[in-house]
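Structure file protein.cif; described as mmCIF, C-alpha atoms (C1' of nucleotides) and all ligand atoms.
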```cif
data_upload
loop_
_atom_site.label_atom_id
_atom_site.label_comp_id
_atom_site.auth_asym_id
_atom_site.auth_seq_id
_atom_site.Cartn_x
_atom_site.Cartn_y
_atom_site.Cartn_z
CA MET M 1 -7.64 -34.69 -17.63
CA ALA M 2 -4.03 -35.43 -16.71
CA ALA M 3 -2.99 -36.07 -13.12
CA PHE M 4 -2.00 -33.20 -10.87
CA PRO M 5 1.66 -32.52 -11.72
CA ALA M 6 4.62 -32.17 -9.40
CA ASP M 7 6.28 -29.07 -10.81
CA ARG M 8 4.74 -25.88 -9.47
CA VAL M 9 4.57 -24.17 -12.82
CA GLU M 10 2.88 -27.19 -14.35
CA GLN M 11 0.52 -27.23 -11.40
CA ALA M 12 -0.37 -23.65 -12.17
CA ALA M 13 -1.05 -24.50 -15.81
CA TRP M 14 -3.13 -27.47 -14.73
CA ILE M 15 -5.18 -25.35 -12.37
CA CYS M 16 -5.84 -22.77 -15.05
CA ASN M 17 -6.86 -25.41 -17.58
CA ALA M 18 -9.20 -27.02 -15.10
CA ARG M 19 -11.00 -23.70 -14.95
CA GLY M 20 -11.07 -23.03 -18.65
CA GLN M 21 -8.36 -20.40 -18.31
CA THR M 22 -5.00 -20.21 -20.01
CA LEU M 23 -1.57 -19.84 -18.52
CA THR M 24 -0.13 -18.11 -21.57
CA PRO M 25 3.64 -17.88 -22.12
CA LEU M 26 3.71 -14.38 -20.66
CA ARG M 27 1.70 -15.32 -17.58
CA ARG M 28 3.77 -18.44 -17.16
CA ARG M 29 6.98 -16.45 -17.32
CA VAL M 30 5.69 -13.92 -14.78
CA PHE M 31 4.68 -16.75 -12.50
CA GLU M 32 8.14 -18.31 -12.84
CA ILE M 33 9.74 -15.00 -11.89
CA VAL M 34 7.54 -14.57 -8.84
CA LEU M 35 8.12 -18.17 -7.87
CA ALA M 36 11.88 -17.87 -8.22
CA ALA M 37 11.98 -14.82 -5.99
CA ASP M 38 10.89 -16.93 -3.01
CA ARG M 39 9.85 -13.75 -1.22
CA PRO M 40 7.52 -10.90 -2.05
CA ILE M 41 8.68 -9.17 -5.20
CA GLY M 42 7.57 -5.82 -6.57
CA ALA M 43 5.72 -5.48 -9.86
CA TYR M 44 8.48 -3.27 -11.18
CA ASP M 45 11.11 -5.83 -10.26
CA VAL M 46 9.20 -8.34 -12.36
CA LEU M 47 9.02 -5.72 -15.06
CA ASP M 48 12.80 -5.21 -15.00
CA MET M 49 13.42 -8.94 -15.33
CA LEU M 50 11.00 -9.25 -18.20
CA ALA M 51 12.53 -6.23 -19.86
CA ALA M 52 15.98 -7.81 -19.59
CA GLU M 53 14.66 -10.78 -21.57
CA ARG M 54 12.45 -9.21 -24.16
CA GLY M 55 13.22 -5.52 -24.38
CA ARG M 56 10.84 -2.77 -23.44
CA VAL M 57 7.93 -3.88 -21.32
CA ALA M 58 5.23 -1.51 -20.13
CA PRO M 59 3.67 -1.63 -16.66
CA PRO M 60 0.24 -2.86 -17.82
CA THR M 61 1.85 -5.96 -19.28
CA VAL M 62 3.12 -6.93 -15.87
CA TYR M 63 0.11 -5.83 -13.85
CA ARG M 64 -2.28 -7.68 -16.12
CA SER M 65 -0.39 -10.91 -15.69
CA LEU M 66 -0.07 -10.41 -11.95
CA ASP M 67 -3.76 -9.61 -11.68
CA PHE M 68 -4.56 -12.79 -13.57
CA LEU M 69 -2.33 -14.86 -11.30
CA VAL M 70 -3.80 -13.25 -8.19
CA GLY M 71 -7.27 -13.88 -9.58
CA GLN M 72 -6.46 -17.54 -10.02
CA GLY M 73 -5.04 -17.71 -6.53
CA LEU M 74 -1.60 -18.63 -7.82
CA VAL M 75 -0.04 -15.51 -6.37
CA HIS M 76 -0.89 -13.42 -3.32
CA LYS M 77 -0.59 -9.67 -3.15
CA VAL M 78 1.24 -8.61 -0.01
CA LEU M 79 -0.21 -5.27 0.98
CA SER M 80 2.29 -4.38 3.65
CA VAL M 81 5.20 -4.48 1.23
CA ASN M 82 3.49 -3.70 -2.09
CA GLY M 83 4.65 -7.01 -3.41
CA PHE M 84 3.58 -10.34 -4.80
CA VAL M 85 4.45 -13.82 -3.64
CA ALA M 86 3.65 -17.23 -5.09
CA CYS M 87 1.01 -19.15 -3.20
CA SER M 88 2.29 -22.28 -1.54
CA ALA M 89 -1.00 -24.15 -1.93
CA ALA M 90 -2.89 -22.75 -4.84
CA ALA M 91 -5.06 -25.75 -5.59
CA ARG M 92 -7.91 -24.04 -3.91
CA PRO M 93 -8.06 -20.28 -3.46
CA HIS M 94 -7.88 -18.80 0.01
CA ASP M 95 -6.93 -15.68 1.90
CA ALA M 96 -3.21 -15.59 2.56
CA GLN M 97 -1.74 -15.83 6.03
CA LEU M 98 1.80 -14.53 5.89
CA PHE M 99 4.68 -14.12 8.30
CA ILE M 100 6.96 -11.46 6.88
CA CYS M 101 10.46 -10.71 8.13
CA GLY M 102 11.29 -7.02 8.28
CA SER M 103 15.02 -7.72 8.22
CA CYS M 104 15.50 -10.04 5.27
CA GLY M 105 12.19 -9.58 3.49
CA SER M 106 11.37 -13.26 3.42
CA SER M 107 7.84 -14.45 3.92
CA VAL M 108 6.28 -17.71 4.98
CA GLU M 109 2.75 -18.69 4.10
CA VAL M 110 0.90 -20.72 6.67
CA ALA M 111 -1.80 -23.08 5.50
CA ARG M 112 -3.35 -23.97 8.83
CA GLN M 113 -6.21 -21.66 9.72
CA LEU M 114 -4.78 -19.14 12.19
CA ARG M 115 -8.01 -17.65 13.36
CA ALA M 116 -10.63 -19.11 15.57
CA GLY M 117 -14.21 -18.05 14.99
CA LEU M 118 -13.73 -14.70 16.68
CA ILE M 119 -13.65 -12.70 13.48
CA GLU M 120 -16.78 -14.44 12.23
CA GLU M 121 -18.47 -13.87 15.58
CA GLU M 122 -17.68 -10.21 15.45
CA ALA M 123 -18.87 -10.00 11.85
CA GLU M 124 -22.12 -11.64 12.91
CA ALA M 125 -22.54 -9.09 15.67
CA LEU M 126 -21.92 -6.25 13.22
CA ASP M 127 -24.07 -7.86 10.52
CA PHE M 128 -21.02 -7.62 8.31
CA ALA M 129 -20.69 -10.00 5.34
CA ILE M 130 -17.05 -11.05 5.14
CA GLU M 131 -15.56 -11.27 1.67
CA SER M 132 -11.89 -11.55 2.48
CA VAL M 133 -9.47 -11.23 5.36
CA VAL M 134 -6.01 -9.72 5.17
CA LEU M 135 -3.65 -11.21 7.74
CA GLU M 136 0.00 -10.23 7.59
CA VAL M 137 2.26 -10.79 10.57
CA HIS M 138 5.44 -8.73 10.75
CA GLY M 139 8.55 -9.41 12.75
CA ARG M 140 11.89 -11.16 12.58
CA CYS M 141 12.36 -14.62 11.16
CA HIS M 142 14.36 -17.44 12.68
CA ALA M 143 17.43 -16.89 10.51
CA CYS M 144 17.57 -13.17 11.27
CA ARG M 145 17.18 -13.79 14.99
CA LEU M 146 20.12 -16.15 14.91
CA ALA M 147 22.16 -13.63 12.95
CA THR M 148 22.08 -10.96 15.67
CA ALA M 149 21.70 -12.99 18.84
CA PRO M 150 25.10 -14.09 20.22
CA MET R 1 -1.18 16.43 34.96
CA ALA R 2 -4.76 17.24 34.02
CA ALA R 3 -7.42 14.55 33.93
CA PHE R 4 -8.05 12.60 30.75
CA PRO R 5 -10.31 14.84 28.65
CA ALA R 6 -13.56 13.97 26.90
CA ASP R 7 -12.96 15.53 23.49
CA ARG R 8 -11.00 13.27 21.17
CA VAL R 9 -8.68 15.99 19.95
CA GLU R 10 -7.92 17.01 23.52
CA GLN R 11 -7.35 13.38 24.36
CA ALA R 12 -4.81 13.22 21.55
CA ALA R 13 -3.03 16.30 22.88
CA TRP R 14 -3.07 14.82 26.37
CA ILE R 15 -1.59 11.55 25.15
CA CYS R 16 1.18 13.34 23.31
CA ASN R 17 2.01 15.50 26.29
CA ALA R 18 2.12 12.50 28.56
CA ARG R 19 4.86 11.15 26.31
CA GLY R 20 6.83 14.35 26.02
CA GLN R 21 5.59 14.85 22.47
CA THR R 22 3.76 17.80 21.00
CA LEU R 23 0.52 17.89 19.07
CA THR R 24 1.43 21.00 17.12
CA PRO R 25 -1.22 23.07 15.35
CA LEU R 26 -0.48 21.35 12.05
CA ARG R 27 -0.63 17.87 13.54
CA ARG R 28 -3.76 18.78 15.43
CA ARG R 29 -5.42 20.04 12.28
CA VAL R 30 -4.46 16.88 10.36
CA PHE R 31 -5.84 14.79 13.18
CA GLU R 32 -9.09 16.76 13.13
CA ILE R 33 -9.42 16.17 9.40
CA VAL R 34 -8.83 12.44 9.72
CA LEU R 35 -11.20 12.28 12.65
CA ALA R 36 -13.92 14.18 10.81
CA ALA R 37 -13.73 11.81 7.84
CA ASP R 38 -15.05 8.96 9.99
CA ARG R 39 -13.69 6.52 7.45
CA PRO R 40 -10.29 5.89 5.92
CA ILE R 41 -9.11 9.00 4.10
CA GLY R 42 -6.23 9.34 1.68
CA ALA R 43 -3.16 11.43 2.41
CA TYR R 44 -3.84 13.51 -0.67
CA ASP R 45 -7.41 14.14 0.43
CA VAL R 46 -6.01 15.52 3.67
CA LEU R 47 -3.59 17.53 1.58
CA ASP R 48 -6.40 19.02 -0.48
CA MET R 49 -8.30 20.07 2.62
CA LEU R 50 -5.23 21.63 4.15
CA ALA R 51 -4.46 23.39 0.91
CA ALA R 52 -7.97 24.83 0.83
CA GLU R 53 -7.30 26.40 4.20
CA ARG R 54 -3.73 27.59 3.93
CA GLY R 55 -2.71 27.61 0.29
CA ARG R 56 -0.12 25.39 -1.24
CA VAL R 57 0.82 22.39 0.86
CA ALA R 58 3.47 19.88 -0.19
CA PRO R 59 3.09 16.12 0.34
CA PRO R 60 5.82 15.81 2.98
CA THR R 61 3.91 18.23 5.17
CA VAL R 62 0.98 15.85 5.26
CA TYR R 63 2.94 12.63 5.41
CA ARG R 64 5.08 13.86 8.26
CA SER R 65 2.04 14.71 10.32
CA LEU R 66 0.32 11.44 9.46
CA ASP R 67 3.48 9.50 10.31
CA PHE R 68 3.63 11.25 13.64
CA LEU R 69 0.01 10.45 14.38
CA VAL R 70 0.47 6.83 13.35
CA GLY R 71 3.58 6.66 15.49
CA GLN R 72 1.61 7.89 18.48
CA GLY R 73 -1.13 5.39 17.78
CA LEU R 74 -3.67 8.15 17.23
CA VAL R 75 -4.28 7.11 13.65
CA HIS R 76 -4.09 3.76 11.89
CA LYS R 77 -2.86 3.26 8.38
CA VAL R 78 -5.25 1.11 6.40
CA LEU R 79 -3.14 -0.83 3.94
CA SER R 80 -5.94 -2.27 1.87
CA VAL R 81 -7.23 1.15 0.90
CA ASN R 82 -4.08 3.27 1.19
CA GLY R 83 -5.80 5.40 3.75
CA PHE R 84 -5.70 6.61 7.31
CA VAL R 85 -8.36 6.38 9.99
CA ALA R 86 -8.50 7.78 13.51
CA CYS R 87 -8.02 5.21 16.24
CA SER R 88 -11.06 4.66 18.38
CA ALA R 89 -9.06 3.84 21.51
CA ALA R 90 -5.69 5.48 21.28
CA ALA R 91 -4.89 5.62 24.97
CA ARG R 92 -2.66 2.66 24.52
CA PRO R 93 -1.16 1.72 21.17
CA HIS R 94 -2.19 -1.49 19.50
CA ASP R 95 -2.47 -3.19 16.13
CA ALA R 96 -5.70 -2.20 14.43
CA GLN R 97 -8.47 -4.68 13.74
CA LEU R 98 -10.69 -3.22 11.06
CA PHE R 99 -13.86 -4.22 9.27
CA ILE R 100 -13.94 -2.33 5.99
CA CYS R 101 -16.97 -2.07 3.72
CA GLY R 102 -16.16 -2.30 0.05
CA SER R 103 -19.40 -0.60 -0.91
CA CYS R 104 -19.49 2.54 1.17
CA GLY R 105 -15.88 2.67 2.30
CA SER R 106 -16.73 2.87 5.98
CA SER R 107 -14.61 1.09 8.53
CA VAL R 108 -15.20 -0.10 12.05
CA GLU R 109 -12.40 -0.68 14.50
CA VAL R 110 -12.90 -3.50 16.94
CA ALA R 111 -11.22 -3.29 20.33
CA ARG R 112 -11.83 -6.82 21.53
CA GLN R 113 -8.96 -9.11 20.62
CA LEU R 114 -10.10 -11.05 17.57
CA ARG R 115 -7.41 -13.64 17.55
CA ALA R 116 -6.87 -16.53 19.85
CA GLY R 117 -3.32 -17.67 20.46
CA LEU R 118 -3.04 -19.41 17.11
CA ILE R 119 -0.88 -16.75 15.53
CA GLU R 120 1.42 -16.72 18.53
CA GLU R 121 1.57 -20.52 18.49
CA GLU R 122 2.54 -20.53 14.87
CA ALA R 123 5.13 -17.81 15.46
CA GLU R 124 6.58 -19.92 18.24
CA ALA R 125 6.80 -22.90 15.92
CA LEU R 126 8.57 -20.79 13.30
CA ASP R 127 10.77 -19.08 15.89
CA PHE R 128 9.39 -15.84 14.51
CA ALA R 129 9.40 -12.72 16.73
CA ILE R 130 6.15 -10.89 16.11
CA GLU R 131 6.36 -7.12 15.93
CA SER R 132 2.95 -6.28 14.52
CA VAL R 133 -0.08 -7.89 12.97
CA VAL R 134 -2.12 -6.47 10.13
CA LEU R 135 -5.74 -7.59 10.27
CA GLU R 136 -8.18 -6.06 7.83
CA VAL R 137 -11.52 -7.70 7.13
CA HIS R 138 -13.27 -6.80 3.90
CA GLY R 139 -16.91 -7.19 3.03
CA ARG R 140 -20.24 -5.40 3.18
CA CYS R 141 -21.44 -3.51 6.19
CA HIS R 142 -24.88 -3.68 7.76
CA ALA R 143 -26.14 -0.50 6.09
CA CYS R 144 -25.04 -1.60 2.63
CA ARG R 145 -26.58 -5.04 3.07
CA LEU R 146 -29.89 -3.42 3.95
CA ALA R 147 -29.63 -1.13 0.96
CA THR R 148 -29.61 -3.93 -1.63
CA ALA R 149 -31.51 -6.70 0.10
CA PRO R 150 -35.30 -6.38 -0.49
"C1'" DG N 1 -12.74 -14.93 -45.95
"C1'" DG N 2 -14.59 -12.37 -42.22
"C1'" DC N 3 -16.30 -12.33 -37.47
"C1'" DT N 4 -15.35 -12.71 -32.64
"C1'" DG N 5 -13.15 -12.65 -28.24
"C1'" DA N 6 -8.95 -13.16 -25.53
"C1'" DA N 7 -4.51 -11.53 -24.93
"C1'" DT N 8 -0.98 -8.37 -25.49
"C1'" DG N 9 1.22 -3.95 -27.08
"C1'" DT N 10 1.50 1.09 -26.63
"C1'" DT N 11 1.02 5.64 -24.90
"C1'" DA N 12 -0.14 8.42 -21.45
"C1'" DT N 13 -1.46 9.54 -16.97
"C1'" DG N 14 -3.03 9.00 -12.19
"C1'" DT N 15 -1.98 7.95 -7.37
"C1'" DT N 16 0.84 7.27 -3.42
"C1'" DA N 17 5.14 8.21 -0.97
"C1'" DT N 18 9.96 9.77 0.02
"C1'" DG N 19 14.75 12.24 -0.18
"C1'" DT N 20 16.99 16.40 0.57
"C1'" DC N 21 18.13 20.86 1.78
"C1'" DA N 22 16.48 25.44 3.50
"C1'" DT N 23 14.03 28.06 6.97
"C1'" DT N 24 11.72 29.07 11.23
"C1'" DC N 25 11.22 29.11 15.92
"C1'" DC N 26 11.92 27.98 20.55
"C1'" DT N 27 15.00 26.72 24.43
"C1'" DC N 28 19.05 26.34 26.76
"C1'" DC N 29 23.19 28.02 28.38
"C1'" DG N 30 27.14 31.06 28.98
"C1'" DC E 1 22.27 39.54 25.05
"C1'" DG E 2 23.77 36.20 21.61
"C1'" DG E 3 24.81 32.04 19.70
"C1'" DA E 4 24.38 26.69 19.75
"C1'" DG E 5 21.25 22.98 19.25
"C1'" DG E 6 17.12 20.63 18.23
"C1'" DA E 7 12.32 20.05 16.71
"C1'" DA E 8 9.14 21.28 13.30
"C1'" DT E 9 7.86 22.94 8.97
"C1'" DG E 10 8.50 24.73 4.14
"C1'" DA E 11 9.86 23.92 -0.49
"C1'" DC E 12 11.42 21.41 -4.46
"C1'" DA E 13 12.22 17.46 -6.79
"C1'" DT E 14 11.66 12.74 -7.72
"C1'" DA E 15 10.69 7.86 -6.78
"C1'" DA E 16 7.54 4.03 -6.53
"C1'" DC E 17 3.24 1.97 -7.45
"C1'" DA E 18 -0.84 1.46 -10.43
"C1'" DT E 19 -4.47 2.20 -14.08
"C1'" DA E 20 -7.14 4.24 -18.26
"C1'" DA E 21 -7.83 4.04 -22.96
"C1'" DC E 22 -7.12 2.63 -27.40
"C1'" DA E 23 -4.54 -0.18 -31.04
"C1'" DT E 24 -2.91 -4.56 -32.62
"C1'" DT E 25 -2.37 -9.50 -32.95
"C1'" DC E 26 -3.91 -14.00 -33.28
"C1'" DA E 27 -6.52 -18.26 -32.87
"C1'" DG E 28 -11.03 -20.46 -33.35
"C1'" DC E 29 -15.16 -20.67 -35.68
"C1'" DC E 30 -18.97 -20.13 -39.13
ZN ZN C 1 -1.78 -19.20 -0.58
ZN ZN C 2 14.63 -12.57 8.22
ZN ZN C 3 -6.96 1.68 17.30
ZN ZN C 4 -21.11 -0.15 3.62
#
```

Full structure transcribed into structure tokens:
Amino acid sequence: MAAFPADRVEQAAWICNARGQTLTPLRRRVFEIVLAADRPIGAYDVLDMLAAERGRVAPPTVYRSLDFLVGQGLVHKVLSVNGFVACSAAARPHDAQLFICGSCGSSVEVARQLRAGLIEEEAEALDFAIESVVLEVHGRCHACRLATAP
Amino acid sequence: MAAFPADRVEQAAWICNARGQTLTPLRRRVFEIVLAADRPIGAYDVLDMLAAERGRVAPPTVYRSLDFLVGQGLVHKVLSVNGFVACSAAARPHDAQLFICGSCGSSVEVARQLRAGLIEEEAEALDFAIESVVLEVHGRCHACRLATAP
DNA sequence: GGCTGAATGTTATGTTATGTCATTCCTCCG
DNA sequence: CGGAGGAATGACATAACATAACATTCAGCC
């Protein structure tokens, strides 16, 4: 198998291939659109961009591709804004940890594990089997703080 | 002012009063419905129950009451299931920390702070001003694990 | 060629949430 | 008393987000 590529879209294709999956032209294009947005983007925004390129596009077309990309860990769904954002480290799937600015809409994904074992401890105490953890931090980003502070 | 009451609905009324707000009959009824559900409940489920009692009810009626209750910290919005759940410790507002079972839909709110300072550290490094943190843990609860394990 | 399975197209509908203006009701003040 | 002002609710319409179900296309394989 070829070496891990530098371009993020090629990385995505590589990751899919390594799993016996296919990054089809449609999925690739959707991934490119999400990637280019560089912030969480709505499914219907993706739809509009696709429609501008290829005429009428129905919602399932977009949601199926997004679901595939989310399933492969290439894209994260951002619950607090009903959006999707490209993963910054998709090589191995993980729960996203996002800092989301309420002013400009930008988001930053943090790779370093932000939780100590407290959640796992609590799960143990509850006899709760963790499957996934949603962690989304809201606030104001550096740029927006500069913009209003004197 | 009267002492802090034992009943959760009366507590809610007390909390509102203490802030110069009013738990009107409608808001009180919505709170009772959310409280009785003992798990996240959808806005339109609340709507249906209200409608059964008082005839036609429009969505804004429900959403306004839910928004009020969320604003007062009496109810938490659960993003991962598009639902609302009564807060188990509303006396002072806080970000919810929820363990949500994907099998039975139940949720447990944990009061003890589940995060060490790692999120705050990271925010500091990013110069990000935190306003709120969404933490929702998904998995299988104790009861559901018992139900399928031999 | 004909079967099969994956992907996409197509139509319709379900689910969640908000914008806007009208109405009610209470309180304050002259 | 009577009207101004504000909070809450009612009522209507629509926006925004997401999925169900079935048809079609196409490549790989025997
Ligand atoms: Zn990621
Ligand atoms: Zn910002
Ligand atoms: Zn709470
Ligand atoms: Zn359960």

task = Please identify every polymer residue within 9 Å of ligand ZN 1 (chain C), using only C-alpha atoms (C1' of nucleotides) and all ligand atoms, and present the set as a ChimeraX atom specification.
result = /M:73-76,85-98,109-111

Selection from above, C-alpha atoms, as a PDB file, keeping the file's coordinate frame, can you write it?
```
ATOM      1  CA  GLY M  73      -5.040 -17.710  -6.530  1.00  0.00           C
ATOM      2  CA  LEU M  74      -1.600 -18.630  -7.820  1.00  0.00           C
ATOM      3  CA  VAL M  75      -0.040 -15.510  -6.370  1.00  0.00           C
ATOM      4  CA  HIS M  76      -0.890 -13.420  -3.320  1.00  0.00           C
ATOM      5  CA  VAL M  85       4.450 -13.820  -3.640  1.00  0.00           C
ATOM      6  CA  ALA M  86       3.650 -17.230  -5.090  1.00  0.00           C
ATOM      7  CA  CYS M  87       1.010 -19.150  -3.200  1.00  0.00           C
ATOM      8  CA  SER M  88       2.290 -22.280  -1.540  1.00  0.00           C
ATOM      9  CA  ALA M  89      -1.000 -24.150  -1.930  1.00  0.00           C
ATOM     10  CA  ALA M  90      -2.890 -22.750  -4.840  1.00  0.00           C
ATOM     11  CA  ALA M  91      -5.060 -25.750  -5.590  1.00  0.00           C
ATOM     12  CA  ARG M  92      -7.910 -24.040  -3.910  1.00  0.00           C
ATOM     13  CA  PRO M  93      -8.060 -20.280  -3.460  1.00  0.00           C
ATOM     14  CA  HIS M  94      -7.880 -18.800   0.010  1.00  0.00           C
ATOM     15  CA  ASP M  95      -6.930 -15.680   1.900  1.00  0.00           C
ATOM     16  CA  ALA M  96      -3.210 -15.590   2.560  1.00  0.00           C
ATOM     17  CA  GLN M  97      -1.740 -15.830   6.030  1.00  0.00           C
ATOM     18  CA  LEU M  98       1.800 -14.530   5.890  1.00  0.00           C
ATOM     19  CA  GLU M 109       2.750 -18.690   4.100  1.00  0.00           C
ATOM     20  CA  VAL M 110       0.900 -20.720   6.670  1.00  0.00           C
ATOM     21  CA  ALA M 111      -1.800 -23.080   5.500  1.00  0.00           C
TER      22      ALA M 111
END
```

query = ligand ZN 4 (chain C): which residues are within 8 Å, counting only C-alpha atoms (C1' of nucleotides) and all ligand atoms, as a PyMOL selection string?
reply = chain R and resi 100-106+140-145

ask   = Between CA of Thr61 (chain R) and C1' of DC26 (chain N), what is the spacing in Å?
value =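 Those two atoms sit 19.9 Å apart.
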
query = Near region 4-18 of chain E, counting all atoms listed in the file, which residues have an atom at most 10 Å away, once you skip same-chain residues fewer than 5 positions from it, shown as a ChimeraX atom specification?
reply = /M:42-44,59-60,63,82-83 /R:22,24,26,57-58,60-61,64 /N:14-29

Point-to-point distance from CA of Val133 (chain R) to CA of Lys77 (chain M), Å rounded to tenths =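 A separation of 16.2 Å between them.
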
inquiry  = From the options R:Ala116, R:Val78, R:Val46, R:Ala125, which residue's atoms come nearest to ligand ZN 3 (chain C), counting only C-alpha atoms and all ligand atoms?
reply    =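 Closest to ligand ZN 3 (chain C), using only C-alpha atoms and all ligand atoms: R:Val78.
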
Separation of CA of Phe84 (chain R) from CA of Val34 (chain R), in Å and rounded to one decimal =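 Distance between the two atoms: 7.0 Å.
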
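In terms of minimum interatomic distance to chain M, E:DT19 ranks closest within E:DT24, E:DC1, E:DC29, E:DT19, counting only C-alpha atoms (C1' of nucleotides).
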
Exercise answer, chain R residues close to chain M, 7 Å and all atoms listed in the file, as a short mmCIF file (atom, residue, chain, number, x, y, z; two decimals) with C-alpha atoms, in the coordinates of the input:
```
data_model
loop_
_atom_site.label_atom_id
_atom_site.label_comp_id
_atom_site.auth_asym_id
_atom_site.auth_seq_id
_atom_site.Cartn_x
_atom_site.Cartn_y
_atom_site.Cartn_z
CA LEU R 79 -3.14 -0.83 3.94
CA SER R 80 -5.94 -2.27 1.87
CA LEU R 114 -10.10 -11.05 17.57
CA ARG R 115 -7.41 -13.64 17.55
CA ALA R 116 -6.87 -16.53 19.85
CA LEU R 118 -3.04 -19.41 17.11
CA ILE R 119 -0.88 -16.75 15.53
CA LEU R 126 8.57 -20.79 13.30
CA ASP R 127 10.77 -19.08 15.89
CA PHE R 128 9.39 -15.84 14.51
CA ALA R 129 9.40 -12.72 16.73
CA ILE R 130 6.15 -10.89 16.11
CA GLU R 131 6.36 -7.12 15.93
CA SER R 132 2.95 -6.28 14.52
CA VAL R 133 -0.08 -7.89 12.97
CA VAL R 134 -2.12 -6.47 10.13
CA LEU R 135 -5.74 -7.59 10.27
CA GLU R 136 -8.18 -6.06 7.83
CA VAL R 137 -11.52 -7.70 7.13
CA HIS R 138 -13.27 -6.80 3.90
CA GLY R 139 -16.91 -7.19 3.03
CA ARG R 140 -20.24 -5.40 3.18
CA CYS R 141 -21.44 -3.51 6.19
CA HIS R 142 -24.88 -3.68 7.76
#
```

inquiry  = Show me, as a ChimeraX atom specification, the residues that have an atom within 10 Å of DA23 (chain E) when counting all atoms listed in the file, minus same-chain residues fewer than 2 positions from it.
reply    = /N:9-10 /E:21,25
